[in-house]
>>> print(open('target.cif').read())   # mmCIF, C-alpha atoms
data_data
loop_
_atom_site.group_PDB
_atom_site.id
_atom_site.type_symbol
_atom_site.label_atom_id
_atom_site.label_comp_id
_atom_site.auth_asym_id
_atom_site.auth_seq_id
_atom_site.Cartn_x
_atom_site.Cartn_y
_atom_site.Cartn_z
ATOM 1 C CA MET A 4 102.377 121.955 116.280
ATOM 2 C CA ASP A 5 105.249 119.603 117.029
ATOM 3 C CA ASP A 6 106.436 117.300 114.273
ATOM 4 C CA VAL A 7 106.126 113.695 115.348
ATOM 5 C CA ALA A 8 108.085 111.022 113.550
ATOM 6 C CA VAL A 9 106.236 107.784 112.992
ATOM 7 C CA ALA A 10 108.313 104.697 112.372
ATOM 8 C CA VAL A 11 106.923 102.307 109.795
ATOM 9 C CA THR A 12 107.966 98.684 110.076
ATOM 10 C CA ARG A 13 109.022 96.652 107.055
ATOM 11 C CA LYS A 14 105.898 94.511 107.483
ATOM 12 C CA GLN A 15 103.700 97.623 107.372
ATOM 13 C CA GLU A 16 105.558 98.836 104.287
ATOM 14 C CA ILE A 17 104.939 95.533 102.512
ATOM 15 C CA TRP A 18 101.219 95.522 103.386
ATOM 16 C CA ALA A 19 100.914 99.163 102.314
ATOM 17 C CA LEU A 20 102.433 98.297 98.940
ATOM 18 C CA ALA A 21 100.197 95.232 98.544
ATOM 19 C CA LEU A 22 97.110 97.322 99.324
ATOM 20 C CA TRP A 23 98.264 100.041 96.940
ATOM 21 C CA VAL A 24 98.715 97.480 94.162
ATOM 22 C CA GLU A 25 95.245 96.055 94.872
ATOM 23 C CA ARG A 26 93.580 99.482 94.815
ATOM 24 C CA THR A 27 95.546 100.866 91.884
ATOM 25 C CA HIS A 28 95.785 97.834 89.602
ATOM 26 C CA GLY A 29 92.895 95.641 90.760
ATOM 27 C CA ASP A 30 92.743 92.343 88.893
ATOM 28 C CA HIS A 31 95.893 93.308 86.980
ATOM 29 C CA GLY A 32 97.988 93.536 90.140
ATOM 30 C CA ASP A 33 99.704 90.214 89.432
ATOM 31 C CA THR A 34 100.895 91.581 86.095
ATOM 32 C CA PHE A 35 102.154 94.789 87.674
ATOM 33 C CA ILE A 36 104.044 92.876 90.356
ATOM 34 C CA ALA A 37 105.536 90.516 87.759
ATOM 35 C CA GLU A 38 106.753 93.551 85.793
ATOM 36 C CA ARG A 39 108.342 95.026 88.939
ATOM 37 C CA LEU A 40 110.044 91.705 89.676
ATOM 38 C CA ALA A 41 111.365 91.410 86.116
ATOM 39 C CA HIS A 42 112.609 94.999 86.207
ATOM 40 C CA PHE A 43 114.530 94.558 89.445
ATOM 41 C CA GLU A 44 115.873 91.140 88.437
ATOM 42 C CA ALA A 45 117.219 92.662 85.208
ATOM 43 C CA ALA A 46 118.659 95.580 87.186
ATOM 44 C CA GLY A 47 120.451 93.162 89.512
ATOM 45 C CA SER A 48 118.754 94.427 92.654
ATOM 46 C CA PRO A 49 118.197 91.407 94.903
ATOM 47 C CA GLN A 50 116.864 93.525 97.783
ATOM 48 C CA ALA A 51 114.159 95.032 95.567
ATOM 49 C CA VAL A 52 113.337 91.575 94.197
ATOM 50 C CA ALA A 53 112.944 90.258 97.751
ATOM 51 C CA LEU A 54 110.683 93.210 98.629
ATOM 52 C CA TRP A 55 108.419 92.655 95.612
ATOM 53 C CA GLU A 56 108.282 88.912 96.287
ATOM 54 C CA GLN A 57 106.927 89.770 99.733
ATOM 55 C CA VAL A 58 104.491 92.258 98.187
ATOM 56 C CA ALA A 59 103.357 89.492 95.804
ATOM 57 C CA ASN A 60 102.698 87.247 98.797
ATOM 58 C CA GLY A 61 100.677 89.959 100.532
ATOM 59 C CA TYR A 62 98.760 90.740 97.353
ATOM 60 C CA SER A 63 97.947 87.046 96.975
ATOM 61 C CA GLN A 64 96.616 86.944 100.532
ATOM 62 C CA LEU A 65 94.453 89.996 99.836
ATOM 63 C CA ALA A 66 93.083 88.330 96.697
ATOM 64 C CA GLU A 67 92.271 85.154 98.667
ATOM 65 C CA ARG A 68 90.292 87.065 101.274
ATOM 66 C CA SER A 69 88.173 88.741 98.608
ATOM 67 C CA GLN A 70 87.198 85.412 97.006
ATOM 68 C CA PRO A 71 83.653 84.292 97.828
ATOM 69 C CA ALA A 72 83.403 81.228 100.081
ATOM 70 C CA ASP A 73 82.067 78.069 98.470
#
>>> encode(input="target.cif", output="structure tokens")
Amino acid sequence: MDDVAVAVTRKQEIWALALWVERTHGDHGDTFIAERLAHFEAAGSPQAVALWEQVANGYSQLAERSQPAD
């Protein structure tokens, strides 16, 4: 079988991380993301901070969609 490389976009990477956080940490996902942000801020890694800010946004959108409509 031939190996086929599949390119993953940054947007797909962010959504994959947000979904992983939702499935792995559930209602505690916000806490996990906040810990990641604090870790990378303390480490002086602005690119990682930017990534996790985007993951936080995606996670928030996932949480909104799972809220029951009034």
>>> resolve_selection(input="target.cif", expression="the PyMOL selection byres ((chain A and resi 27-34) around 12)", output="list in words")
Ala19, Leu20, Ala21, Leu22, Trp23, Val24, Glu25, Arg26, Phe35, Ile36, Ala37, Glu38, Arg39, Leu40, Ala41, Trp55, Glu56, Val58, Ala59, Asn60, Gly61, Tyr62, Ser63, Gln64, Leu65, Ala66 and Ser69 of chain A
>>> atom_distance(input="target.cif", atom1="CA of Val52 in chain A", atom2="CA of Val11 in chain A")
20.0 Å
>>> atom_distance(input="target.cif", atom1="CA of Glu16 in chain A", atom2="CA of Ala45 in chain A")
23.2 Å
>>> atom_distance(input="target.cif", atom1="CA of Gln57 in chain A", atom2="CA of Arg13 in chain A")
10.3 Å
>>> axis_aligned_box(input="target.cif", around="range 59-68 of chain A", padding_each_side="4 Å", output="lines of an AutoDock Vina configuration file")
center_x = 96.8
center_y = 87.9
center_z = 98.5
size_x = 21.1
size_y = 13.6
size_z = 13.5
>>> build_atoms(input="target.cif", residues="range 14-25 of chain A", atoms="all heavy atoms", output="compact mmCIF listing (two decimals), in the frame of the given file")
# COMPACT_ATOMS: atom_id res chain seq x y z
N LYS A 14 107.15 95.24 107.70
CA LYS A 14 105.90 94.51 107.48
C LYS A 14 104.79 95.48 107.07
O LYS A 14 104.03 95.19 106.15
CB LYS A 14 105.52 93.75 108.75
CG LYS A 14 104.33 92.84 108.60
CD LYS A 14 104.12 92.03 109.87
CE LYS A 14 102.95 91.09 109.71
NZ LYS A 14 102.75 90.25 110.89
N GLN A 15 104.71 96.62 107.73
CA GLN A 15 103.70 97.62 107.37
C GLN A 15 103.94 98.17 105.97
O GLN A 15 103.00 98.40 105.21
CB GLN A 15 103.70 98.76 108.39
CG GLN A 15 103.17 98.37 109.74
CD GLN A 15 103.43 99.44 110.79
OE1 GLN A 15 104.47 100.08 110.80
NE2 GLN A 15 102.47 99.62 111.69
N GLU A 16 105.20 98.35 105.62
CA GLU A 16 105.56 98.84 104.29
C GLU A 16 105.10 97.84 103.22
O GLU A 16 104.52 98.23 102.20
CB GLU A 16 107.07 99.04 104.20
CG GLU A 16 107.56 99.48 102.84
CD GLU A 16 109.08 99.55 102.75
OE1 GLU A 16 109.77 98.88 103.53
OE2 GLU A 16 109.56 100.27 101.87
N ILE A 17 105.32 96.57 103.46
CA ILE A 17 104.94 95.53 102.51
C ILE A 17 103.42 95.50 102.35
O ILE A 17 102.90 95.46 101.22
CB ILE A 17 105.50 94.17 102.95
CG1 ILE A 17 107.03 94.18 102.81
CG2 ILE A 17 104.87 93.02 102.15
CD1 ILE A 17 107.74 93.09 103.55
N TRP A 18 102.69 95.53 103.47
CA TRP A 18 101.22 95.52 103.39
C TRP A 18 100.69 96.78 102.71
O TRP A 18 99.72 96.73 101.95
CB TRP A 18 100.59 95.33 104.77
CG TRP A 18 100.58 93.89 105.16
CD1 TRP A 18 101.34 93.29 106.12
CD2 TRP A 18 99.80 92.85 104.57
NE1 TRP A 18 101.06 91.95 106.16
CE2 TRP A 18 100.13 91.65 105.22
CE3 TRP A 18 98.85 92.81 103.55
CZ2 TRP A 18 99.54 90.43 104.90
CZ3 TRP A 18 98.26 91.60 103.22
CH2 TRP A 18 98.61 90.43 103.89
N ALA A 19 101.33 97.92 102.97
CA ALA A 19 100.91 99.16 102.31
C ALA A 19 101.10 99.05 100.81
O ALA A 19 100.22 99.46 100.03
CB ALA A 19 101.70 100.34 102.86
N LEU A 20 102.21 98.48 100.37
CA LEU A 20 102.43 98.30 98.94
C LEU A 20 101.43 97.32 98.34
O LEU A 20 100.89 97.55 97.25
CB LEU A 20 103.86 97.81 98.68
CG LEU A 20 104.94 98.88 98.74
CD1 LEU A 20 106.32 98.24 98.79
CD2 LEU A 20 104.82 99.82 97.57
N ALA A 21 101.17 96.22 99.04
CA ALA A 21 100.20 95.23 98.54
C ALA A 21 98.81 95.86 98.41
O ALA A 21 98.11 95.65 97.41
CB ALA A 21 100.15 94.02 99.47
N LEU A 22 98.40 96.64 99.40
CA LEU A 22 97.11 97.32 99.32
C LEU A 22 97.08 98.35 98.20
O LEU A 22 96.08 98.48 97.49
CB LEU A 22 96.79 98.00 100.66
CG LEU A 22 96.37 97.06 101.78
CD1 LEU A 22 96.44 97.79 103.12
CD2 LEU A 22 94.97 96.52 101.53
N TRP A 23 98.18 99.07 98.03
CA TRP A 23 98.26 100.04 96.94
C TRP A 23 98.12 99.35 95.59
O TRP A 23 97.38 99.83 94.72
CB TRP A 23 99.59 100.81 97.02
CG TRP A 23 99.76 101.74 95.87
CD1 TRP A 23 99.24 103.00 95.74
CD2 TRP A 23 100.49 101.48 94.67
NE1 TRP A 23 99.60 103.52 94.53
CE2 TRP A 23 100.37 102.61 93.85
CE3 TRP A 23 101.23 100.39 94.21
CZ2 TRP A 23 100.96 102.70 92.59
CZ3 TRP A 23 101.81 100.47 92.95
CH2 TRP A 23 101.68 101.62 92.17
N VAL A 24 98.81 98.23 95.42
CA VAL A 24 98.72 97.48 94.16
C VAL A 24 97.27 97.04 93.94
O VAL A 24 96.72 97.18 92.85
CB VAL A 24 99.67 96.26 94.14
CG1 VAL A 24 99.38 95.35 92.95
CG2 VAL A 24 101.12 96.72 94.12
N GLU A 25 96.63 96.52 94.99
CA GLU A 25 95.24 96.06 94.87
C GLU A 25 94.33 97.21 94.46
O GLU A 25 93.50 97.06 93.55
CB GLU A 25 94.78 95.46 96.19
CG GLU A 25 93.33 94.96 96.13
CD GLU A 25 92.82 94.50 97.48
OE1 GLU A 25 92.90 95.29 98.45
OE2 GLU A 25 92.33 93.37 97.55
